[in-house]
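Pasted below: input-v3.csv, CSV, C-alpha atoms and all ligand atoms.
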chain,number,residue,atom,x,y,z
A,1296,MET,CA,23.2,5.0,-16.6
A,1297,SER,CA,25.8,2.2,-16.8
A,1298,GLN,CA,26.4,2.1,-13.0
A,1299,PHE,CA,22.7,1.0,-12.5
A,1300,PRO,CA,21.5,-2.6,-13.2
A,1301,THR,CA,19.2,-3.0,-16.1
A,1302,GLY,CA,17.3,-5.9,-17.5
A,1303,PHE,CA,17.6,-8.5,-14.8
A,1304,ALA,CA,15.3,-7.6,-11.9
A,1305,THR,CA,13.3,-10.5,-10.5
A,1306,PRO,CA,10.8,-10.7,-7.6
A,1307,ALA,CA,13.6,-12.4,-5.6
A,1308,SER,CA,16.2,-9.7,-6.3
A,1309,ILE,CA,13.6,-7.1,-5.4
A,1310,VAL,CA,13.0,-8.7,-2.0
A,1311,ASP,CA,16.7,-9.0,-1.4
A,1312,ALA,CA,17.1,-5.3,-2.3
A,1313,LEU,CA,14.1,-4.2,-0.1
A,1314,LYS,CA,15.7,-6.0,2.8
A,1315,ALA,CA,19.2,-4.8,2.2
A,1316,GLU,CA,18.0,-1.2,1.9
A,1317,ALA,CA,16.3,-1.5,5.3
A,1318,GLY,CA,19.2,-3.2,7.1
A,1319,ASP,CA,18.3,-6.8,6.6
A,1320,SER,CA,16.0,-7.4,9.6
A,1321,PRO,CA,15.5,-11.2,9.9
A,1322,LYS,CA,11.9,-12.5,10.3
A,1323,ALA,CA,10.4,-9.1,9.2
A,1324,ARG,CA,8.3,-8.3,6.2
A,1325,ALA,CA,10.5,-7.0,3.3
A,1326,SER,CA,8.2,-4.0,3.2
A,1327,PHE,CA,5.8,-2.3,5.7
A,1328,ALA,CA,7.5,-4.3,8.4
A,1329,ARG,CA,6.1,-2.5,11.4
A,1330,GLY,CA,2.4,-2.6,12.0
A,1331,ARG,CA,-0.7,-3.6,14.0
A,1332,CYS,CA,-3.2,-6.3,13.2
A,1333,VAL,CA,-6.9,-5.4,13.6
A,1334,ARG,CA,-10.4,-6.8,12.8
A,1335,GLY,CA,-13.7,-5.4,11.7
A,1336,THR,CA,-16.5,-5.7,9.2
A,1337,TYR,CA,-17.3,-4.6,5.7
A,1338,VAL,CA,-20.8,-3.4,4.7
A,1339,PRO,CA,-21.4,-2.8,0.9
A,1340,SER,CA,-23.2,0.3,-0.3
A,1341,GLY,CA,-26.3,0.1,-2.5
A,1342,ARG,CA,-24.1,1.0,-5.5
A,1343,ALA,CA,-21.3,-1.6,-5.3
A,1344,GLU,CA,-22.9,-3.8,-7.9
A,1345,GLU,CA,-22.9,-0.9,-10.4
A,1346,ILE,CA,-19.1,-1.2,-10.3
A,1347,THR,CA,-18.2,-4.8,-9.5
A,1348,ARG,CA,-19.9,-8.2,-9.2
A,1349,SER,CA,-17.1,-9.4,-6.9
A,1350,LEU,CA,-18.8,-11.1,-4.0
A,1351,SER,CA,-16.0,-9.7,-1.8
A,1352,PHE,CA,-17.4,-6.2,-2.3
A,1353,THR,CA,-21.1,-6.8,-2.8
A,1354,ARG,CA,-21.7,-8.9,0.4
A,1355,PRO,CA,-21.2,-8.0,4.1
A,1356,SER,CA,-18.2,-9.8,5.7
A,1357,ARG,CA,-15.7,-9.8,8.4
A,1358,VAL,CA,-12.4,-8.0,7.8
A,1359,LEU,CA,-8.9,-8.8,8.9
A,1360,ALA,CA,-6.7,-5.8,8.4
A,1361,ARG,CA,-3.3,-4.4,9.2
A,1362,PHE,CA,-2.1,-0.8,9.6
A,1363,SER,CA,1.6,-0.4,9.0
A,1364,VAL,CA,4.6,2.0,8.5
A,1365,GLY,CA,6.6,1.7,5.3
A,1366,GLY,CA,10.0,0.2,4.7
A,1367,GLY,CA,11.6,-3.0,5.9
A,1368,ASN,CA,12.7,-1.8,9.3
A,1369,PRO,CA,10.4,-3.1,12.0
A,1370,LYS,CA,11.8,-0.5,14.5
A,1371,VAL,CA,11.1,2.5,12.3
A,1372,ALA,CA,9.6,5.4,14.3
A,1373,ASP,CA,5.9,6.2,13.7
A,1374,ALA,CA,6.8,9.8,13.2
A,1375,ASP,CA,9.2,9.2,10.3
A,1376,LYS,CA,7.9,11.5,7.7
A,1377,LEU,CA,9.8,10.0,4.8
A,1378,VAL,CA,8.0,6.6,4.9
A,1379,LEU,CA,4.5,5.7,3.8
A,1380,ARG,CA,1.7,4.4,6.0
A,1381,GLY,CA,0.0,1.2,4.8
A,1382,PHE,CA,-3.4,-0.4,5.2
A,1383,SER,CA,-4.0,-4.0,4.0
A,1384,PHE,CA,-7.4,-5.6,4.4
A,1385,ARG,CA,-8.9,-9.0,3.6
A,1386,LEU,CA,-12.7,-9.0,3.1
A,1387,GLY,CA,-15.3,-11.4,1.8
A,1388,ALA,CA,-16.5,-14.8,3.0
A,1389,VAL,CA,-14.4,-18.0,2.7
A,1390,ASP,CA,-13.9,-18.7,-1.1
A,1391,GLN,CA,-14.9,-15.1,-1.9
A,1392,ARG,CA,-12.0,-13.3,-0.4
A,1393,SER,CA,-10.0,-10.4,-1.7
A,1394,ASP,CA,-6.9,-8.8,-0.3
A,1395,ILE,CA,-6.4,-5.1,-1.0
A,1396,LEU,CA,-3.1,-3.5,-0.1
A,1397,THR,CA,-3.1,0.3,0.1
A,1398,GLN,CA,-0.7,3.0,1.0
A,1399,SER,CA,-0.7,6.7,1.9
A,1400,ALA,CA,0.4,7.9,-1.5
A,1401,PRO,CA,-1.4,7.5,-4.9
A,1402,VAL,CA,1.7,6.5,-6.8
A,1403,HIS,CA,4.6,4.0,-6.6
A,1404,TYR,CA,8.2,5.0,-6.9
A,1405,ALA,CA,9.1,2.9,-10.0
A,1406,ARG,CA,7.5,2.3,-13.4
A,1407,THR,CA,9.3,-1.0,-14.1
A,1408,LEU,CA,10.8,-3.8,-12.1
A,1409,ASP,CA,14.3,-2.9,-13.3
A,1410,GLN,CA,13.8,0.7,-12.2
A,1411,MET,CA,12.6,-0.5,-8.8
A,1412,LEU,CA,15.7,-2.6,-8.3
A,1413,ALA,CA,18.0,0.2,-9.4
A,1414,PHE,CA,16.1,2.7,-7.1
A,1415,LEU,CA,16.6,0.4,-4.1
A,1416,LYS,CA,20.2,-0.4,-4.9
A,1417,ALA,CA,21.0,3.3,-5.2
A,1418,ARG,CA,19.7,3.8,-1.7
A,1419,THR,CA,21.3,0.7,0.0
A,1420,PRO,CA,23.7,1.8,2.8
A,1421,GLY,CA,27.4,1.4,1.9
A,1422,PRO,CA,30.4,0.9,4.2
A,1423,ASN,CA,29.8,4.3,5.8
A,1424,GLY,CA,26.4,3.3,7.1
A,1425,GLY,CA,24.4,5.4,4.6
A,1426,PRO,CA,23.6,5.5,0.9
A,1427,ASP,CA,26.0,7.2,-1.5
A,1428,LEU,CA,24.1,10.5,-1.9
A,1429,GLU,CA,25.8,11.3,-5.2
A,1430,ASN,CA,24.6,8.0,-6.6
A,1431,VAL,CA,21.0,8.7,-5.4
A,1432,ARG,CA,21.2,12.1,-7.0
A,1433,ALA,CA,22.5,10.8,-10.3
A,1434,PHE,CA,19.8,8.1,-10.4
A,1435,SER,CA,17.1,10.6,-9.6
A,1436,VAL,CA,18.2,12.9,-12.4
A,1437,ALA,CA,18.2,10.0,-14.9
A,1438,ASN,CA,14.9,8.7,-13.6
A,1439,PRO,CA,12.7,11.7,-12.6
A,1440,GLU,CA,9.5,9.7,-12.2
A,1441,THR,CA,11.1,7.9,-9.3
A,1442,LEU,CA,10.7,11.1,-7.3
A,1443,HIS,CA,6.9,11.4,-7.8
A,1444,GLN,CA,6.1,9.5,-4.6
A,1445,ALA,CA,8.6,11.4,-2.4
A,1446,SER,CA,7.3,14.7,-3.9
A,1447,TYR,CA,3.8,13.7,-3.0
A,1448,ILE,CA,4.8,12.9,0.6
A,1449,ALA,CA,6.8,16.1,1.0
A,1450,ALA,CA,3.8,18.2,-0.3
A,1451,HIS,CA,1.4,16.8,2.3
A,1452,PRO,CA,1.5,17.3,6.1
A,1453,PRO,CA,2.4,14.3,8.3
A,1454,ARG,CA,-0.5,12.2,9.3
A,1455,GLY,CA,-1.5,12.1,13.0
A,1456,SER,CA,-3.4,8.9,13.0
A,1457,PHE,CA,-3.7,5.6,11.0
A,1458,ALA,CA,-7.5,6.3,11.4
A,1459,GLY,CA,-7.1,9.7,9.8
A,1460,THR,CA,-5.2,8.8,6.7
A,1461,THR,CA,-6.3,8.4,3.1
A,1462,TYR,CA,-4.9,5.3,1.4
A,1463,TRP,CA,-4.7,4.4,-2.3
A,1464,GLY,CA,-4.5,1.0,-4.1
A,1465,VAL,CA,-2.3,2.8,-6.7
A,1466,HIS,CA,-2.9,0.4,-9.7
A,1467,SER,CA,-5.7,0.5,-12.2
A,1468,PHE,CA,-7.9,-2.6,-11.5
A,1469,PRO,CA,-10.4,-3.9,-14.2
A,1470,ALA,CA,-13.8,-4.1,-12.5
A,1471,THR,CA,-16.7,-6.0,-14.0
A,1472,ASN,CA,-20.2,-5.1,-12.8
A,1473,SER,CA,-23.4,-7.1,-12.5
A,1474,ARG,CA,-24.3,-6.3,-16.1
A,1475,GLY,CA,-21.0,-7.7,-17.3
A,1476,GLU,CA,-19.5,-4.3,-18.2
A,1477,THR,CA,-15.8,-3.8,-17.5
A,1478,ARG,CA,-13.9,-0.6,-16.8
A,1479,PHE,CA,-10.8,0.4,-14.8
A,1480,ILE,CA,-11.1,1.6,-11.2
A,1481,LYS,CA,-8.6,2.7,-8.6
A,1482,PHE,CA,-9.2,2.0,-4.9
A,1483,LYS,CA,-9.2,4.9,-2.5
A,1484,VAL,CA,-9.8,4.3,1.2
A,1485,VAL,CA,-11.1,7.5,2.9
A,1486,PRO,CA,-11.4,8.0,6.7
A,1487,VAL,CA,-15.0,8.9,7.5
A,1488,GLY,CA,-13.8,11.3,10.2
A,1489,GLY,CA,-11.5,13.1,7.7
A,1490,ASN,CA,-7.7,13.3,7.5
A,1491,VAL,CA,-5.8,14.0,10.8
A,1492,THR,CA,-2.7,16.0,10.1
A,1493,LEU,CA,0.2,17.3,12.2
A,1494,THR,CA,2.5,20.2,11.7
A,1495,GLU,CA,6.2,19.3,11.1
A,1496,GLU,CA,6.9,20.6,14.6
A,1497,GLU,CA,4.1,18.5,16.2
A,1498,ALA,CA,5.4,15.4,14.3
A,1499,ARG,CA,8.9,15.9,15.6
A,1500,MET,CA,7.6,15.9,19.2
A,1501,LYS,CA,5.7,12.6,18.9
A,1502,PRO,CA,6.9,9.5,20.7
A,1503,ALA,CA,8.1,6.5,18.6
A,1504,ASP,CA,4.9,4.5,19.0
A,1505,PHE,CA,2.3,7.3,18.7
A,1506,LEU,CA,0.4,6.0,15.7
A,1507,HIS,CA,0.0,2.6,17.4
A,1508,ASP,CA,-1.0,4.1,20.7
A,1509,ASP,CA,-3.5,6.4,19.0
A,1510,LEU,CA,-5.0,3.4,17.1
A,1511,GLU,CA,-5.5,1.4,20.3
A,1512,ASN,CA,-7.0,4.5,22.1
A,1513,ARG,CA,-9.4,5.1,19.3
A,1514,ILE,CA,-10.5,1.5,19.1
A,1515,ARG,CA,-11.1,1.4,22.8
A,1516,ALA,CA,-13.2,4.6,22.6
A,1517,GLY,CA,-15.4,3.4,19.7
A,1518,ASP,CA,-14.9,2.2,16.1
A,1519,ILE,CA,-12.9,3.5,13.1
A,1520,ARG,CA,-14.6,3.9,9.8
A,1521,PHE,CA,-13.3,4.1,6.2
A,1522,SER,CA,-15.2,4.5,3.0
A,1523,VAL,CA,-13.9,2.2,0.3
A,1524,MET,CA,-14.2,4.3,-2.9
A,1525,ALA,CA,-13.8,3.3,-6.6
A,1526,LEU,CA,-12.4,6.0,-8.7
A,1527,LEU,CA,-13.9,5.6,-12.2
A,1528,ASP,CA,-11.6,5.8,-15.3
A,1529,ARG,CA,-12.2,8.0,-18.3
A,1530,PRO,CA,-11.2,7.1,-21.9
A,1531,GLY,CA,-7.4,7.4,-22.3
A,1532,ASP,CA,-6.5,7.3,-18.5
A,1533,PRO,CA,-3.1,5.7,-18.2
A,1534,THR,CA,-3.3,2.2,-16.7
A,1535,MET,CA,0.2,0.9,-17.2
A,1536,ASP,CA,2.3,3.5,-15.4
A,1537,VAL,CA,2.1,3.4,-11.5
A,1538,THR,CA,4.3,6.5,-11.1
A,1539,ILE,CA,1.7,8.8,-12.5
A,1540,ARG,CA,-1.9,9.6,-11.5
A,1541,TRP,CA,-4.8,9.8,-13.9
A,1542,PRO,CA,-5.3,13.3,-15.2
A,1543,ASN,CA,-7.4,15.3,-12.7
A,1544,GLU,CA,-7.7,12.1,-10.7
A,1545,ASP,CA,-8.9,14.1,-7.6
A,1546,ARG,CA,-11.9,15.3,-9.6
A,1547,CYS,CA,-12.8,12.1,-11.3
A,1548,GLU,CA,-16.2,10.4,-10.6
A,1549,GLU,CA,-16.1,8.2,-7.4
A,1550,VAL,CA,-18.5,5.6,-6.2
A,1551,ARG,CA,-18.5,4.3,-2.6
A,1552,LEU,CA,-18.3,0.5,-2.7
A,1553,GLY,CA,-18.8,0.1,1.0
A,1554,THR,CA,-17.6,0.9,4.5
A,1555,ILE,CA,-15.0,-0.8,6.6
A,1556,VAL,CA,-15.6,-0.6,10.3
A,1557,ILE,CA,-12.5,-1.4,12.4
A,1558,THR,CA,-13.8,-2.7,15.8
A,1559,GLY,CA,-11.0,-4.5,17.6
A,1560,ILE,CA,-7.2,-5.1,17.9
A,1561,GLU,CA,-6.2,-8.6,16.8
A,1562,PRO,CA,-3.0,-10.3,18.1
A,1563,ASN,CA,-0.3,-9.5,15.5
A,1564,GLU,CA,0.2,-13.3,15.1
A,1565,ALA,CA,-3.1,-13.4,13.2
A,1566,CYS,CA,-1.7,-11.1,10.4
A,1567,ASP,CA,1.8,-12.6,10.6
A,1568,ALA,CA,0.4,-16.1,10.0
A,1569,ILE,CA,-1.1,-15.1,6.6
A,1570,MET,CA,0.1,-13.1,3.6
A,1571,PHE,CA,-2.0,-10.3,2.3
A,1572,ASP,CA,-1.7,-11.3,-1.3
A,1573,PRO,CA,-2.2,-8.6,-3.9
A,1574,ALA,CA,-3.2,-11.3,-6.5
A,1575,ASN,CA,-6.0,-12.7,-4.2
A,1576,LEU,CA,-9.0,-11.0,-5.9
A,1577,THR,CA,-12.4,-12.5,-6.3
A,1578,GLU,CA,-14.0,-12.5,-9.8
A,1579,GLY,CA,-15.4,-9.1,-10.6
A,1580,ILE,CA,-12.1,-7.3,-9.8
A,1581,GLY,CA,-9.2,-8.4,-12.1
A,1582,HIS,CA,-5.5,-8.1,-12.0
A,1583,PRO,CA,-4.1,-4.7,-13.0
A,1584,PRO,CA,-2.2,-5.0,-16.3
A,1585,ASP,CA,1.0,-3.2,-15.4
A,1586,GLU,CA,4.4,-4.9,-15.0
A,1587,ILE,CA,4.8,-3.8,-11.3
A,1588,PHE,CA,1.6,-5.5,-10.2
A,1589,ALA,CA,2.7,-8.7,-12.0
A,1590,ALA,CA,5.7,-9.1,-9.7
A,1591,ARG,CA,3.9,-8.4,-6.4
A,1592,HIS,CA,2.5,-11.9,-5.7
A,1593,ALA,CA,5.9,-13.6,-6.2
A,1594,ALA,CA,7.7,-11.0,-4.1
A,1595,CYS,CA,5.2,-11.2,-1.3
A,1596,THR,CA,5.4,-15.0,-1.4
A,1597,ILE,CA,9.3,-14.9,-1.1
A,1598,SER,CA,9.1,-12.4,1.8
A,1599,PHE,CA,6.5,-14.5,3.5
A,1600,ALA,CA,8.7,-17.7,3.3
A,1601,LYS,CA,11.7,-15.7,4.7
A,1602,ARG,CA,9.8,-14.4,7.7
A,1603,ARG,CA,8.1,-17.7,8.7
B,1,LIG,C1,2.5,-0.4,-6.1
B,1,LIG,C2,1.9,-0.3,-4.9
B,1,LIG,C3,2.2,-1.1,-3.7
B,1,LIG,C4,1.4,-1.0,-2.5
B,1,LIG,C5,0.2,-0.1,-2.3
B,1,LIG,C6,2.0,-1.9,-1.6
B,1,LIG,C7,1.5,-2.1,-0.3
B,1,LIG,C8,2.0,-3.0,0.6
B,1,LIG,C9,1.5,-3.2,2.0
B,1,LIG,C10,0.4,-2.3,2.6
B,1,LIG,C11,2.2,-4.2,2.5
B,1,LIG,C12,2.0,-4.7,3.9
B,1,LIG,C13,1.2,-6.0,3.9
B,1,LIG,C14,0.8,-6.4,5.3
B,1,LIG,O1,0.2,-5.6,6.0
B,1,LIG,O2,1.1,-7.6,5.7
B,1,LIG,C15,3.1,-4.7,1.5
B,1,LIG,C16,4.0,-5.7,1.8
B,1,LIG,C17,4.9,-6.1,0.8
B,1,LIG,N1,5.1,-5.6,-0.4
B,1,LIG,FE1,4.1,-4.1,-1.3
B,1,LIG,N2,3.1,-2.5,-2.1
B,1,LIG,C18,3.2,-2.1,-3.4
B,1,LIG,C19,4.1,-2.5,-4.3
B,1,LIG,C20,5.0,-3.5,-4.2
B,1,LIG,C21,5.9,-4.0,-5.1
B,1,LIG,C22,6.0,-3.5,-6.6
B,1,LIG,C23,6.6,-5.0,-4.6
B,1,LIG,C24,7.7,-5.9,-5.2
B,1,LIG,C25,7.8,-6.2,-6.4
B,1,LIG,C26,6.2,-5.2,-3.2
B,1,LIG,C27,6.6,-6.1,-2.3
B,1,LIG,C28,6.1,-6.3,-1.0
B,1,LIG,C29,6.6,-7.3,-0.1
B,1,LIG,C30,7.7,-8.3,-0.4
B,1,LIG,C31,5.9,-7.2,1.1
B,1,LIG,C32,6.0,-8.1,2.3
B,1,LIG,C33,5.0,-9.2,2.2
B,1,LIG,C34,5.0,-10.2,3.4
B,1,LIG,O3,6.0,-10.5,3.9
B,1,LIG,O4,3.8,-10.5,3.7
B,1,LIG,N3,5.2,-4.2,-3.0
B,1,LIG,N4,3.0,-3.9,0.4
Using structure tokens, write down the structure from this file.
Amino acid sequence: MSQFPTGFATPASIVDALKAEAGDSPKARASFARGRCVRGTYVPSGRAEEITRSLSFTRPSRVLARFSVGGGNPKVADADKLVLRGFSFRLGAVDQRSDILTQSAPVHYARTLDQMLAFLKARTPGPNGGPDLENVRAFSVANPETLHQASYIAAHPPRGSFAGTTYWGVHSFPATNSRGETRFIKFKVVPVGGNVTLTEEEARMKPADFLHDDLENRIRAGDIRFSVMALLDRPGDPTMDVTIRWPNEDRCEEVRLGTIVITGIEPNEACDAIMFDPANLTEGIGHPPDEIFAARHAACTISFAKRR
């Protein structure tokens, strides 16, 4: 393990490593660099207050949102099977806003910040233009949990539409309801029309912009709906390790907090001018307790400053 850095990762070093791994694109987000800004509305369900008293989730509001393709390369092809899809949204009235950032896999690729830095450094291109594959292999053997996310992606068919993808908030968020009771939830954002999948062969034939074109076509033809689900914890569910799911997570109790309806395309400048901030959560949803979440606000702030 001595060839890998330990004990000194900071949000700034993570941002530098995210950018270096993706080829250092100036003025691009360090992560989920390519995407499309959209707008819509949020309508709470009748059960939202059973789970959270957050005014972001219990009141109707406008939504600003962004669909994206993972990684720090703003020119990545939409069909790239190895990267995630992202969906960030801001809901709630002024002073009651929350930003929820979700991705197309239920786990993150690192349990600690040091492990995240080492993961990225192992994959940073060297003088020959690509990562040292022997180094990647050695790191993966020593850190098997860093492959959980890639294994999840590999086990699921490529997605054919941003509108037909399920997205996860990954962390365990403490949610306090209208009776003052607190429990952990996970956010899962489910396309009302179901998942849209491609075969590997179909994905290979798709043009570079196909997800973005599909999004625009669907919005022109009507609206796009997602159910915002809260997965409810059970005693003993692990809340500190973002590389693992809760046991039987796919079968745990779920409550629909509300529906997001995407109704229009926004100029990308509207999303580029702000930062979807994972720490921006209105009372009733608290900060997840894990160390990875704790670094996200600072990392996003550094990336935001670099791209402005
Ligand atoms: C663990 C689950 C995570 C999820 C679901 C997630 C999701 C996302 C998404 C969807 C975006 C795009 C935001 C947008 O549309 O503007 C984003 C951006 C970003 N994320 Fe993450 N992320 C995660 C973890 C992390 C971690 C651990 C770090 C670093 C410590 C990080 C650093 C960043 C940075 C620097 C940006 C760019 C921010 C900007 O320039 O506005 N993320 N993330």
In Å and to one decimal, atom CA of Pro1321 of chain A is distant from atom C15 of ligand LIG 1 (chain B) by 16.3 Å
Computed gap from atom CA of Arg1348 of chain A to atom CA of Ala1360 of chain A is 22.1 Å
Practice prompt. Within 6 Å of ligand LIG 1 (chain B), which residues show up when you count all atoms listed in the file? List them as a PyMOL selection string, please.
Written response: chain A and resi 1306+1309-1310+1324-1327+1361+1381-1383+1396-1398+1403+1464-1465+1570-1571+1587+1590-1591+1594-1595+1598-1599
Between atom CA of Pro1469 of chain A and atom CA of Ser1363 of chain A, what distance in Å does the model show, to one decimal?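 Spanning atom CA of Pro1469 of chain A to atom CA of Ser1363 of chain A is a straight-line distance of 26.4 Å.
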At a cut-off of 9 Å, using all atoms listed in the file, what residues contact Pro1369 of chain A? Leave out same-chain residues fewer than 4 positions from it and give the result as a ChimeraX atom specification.
/A:1320,1323-1324,1327-1330,1364
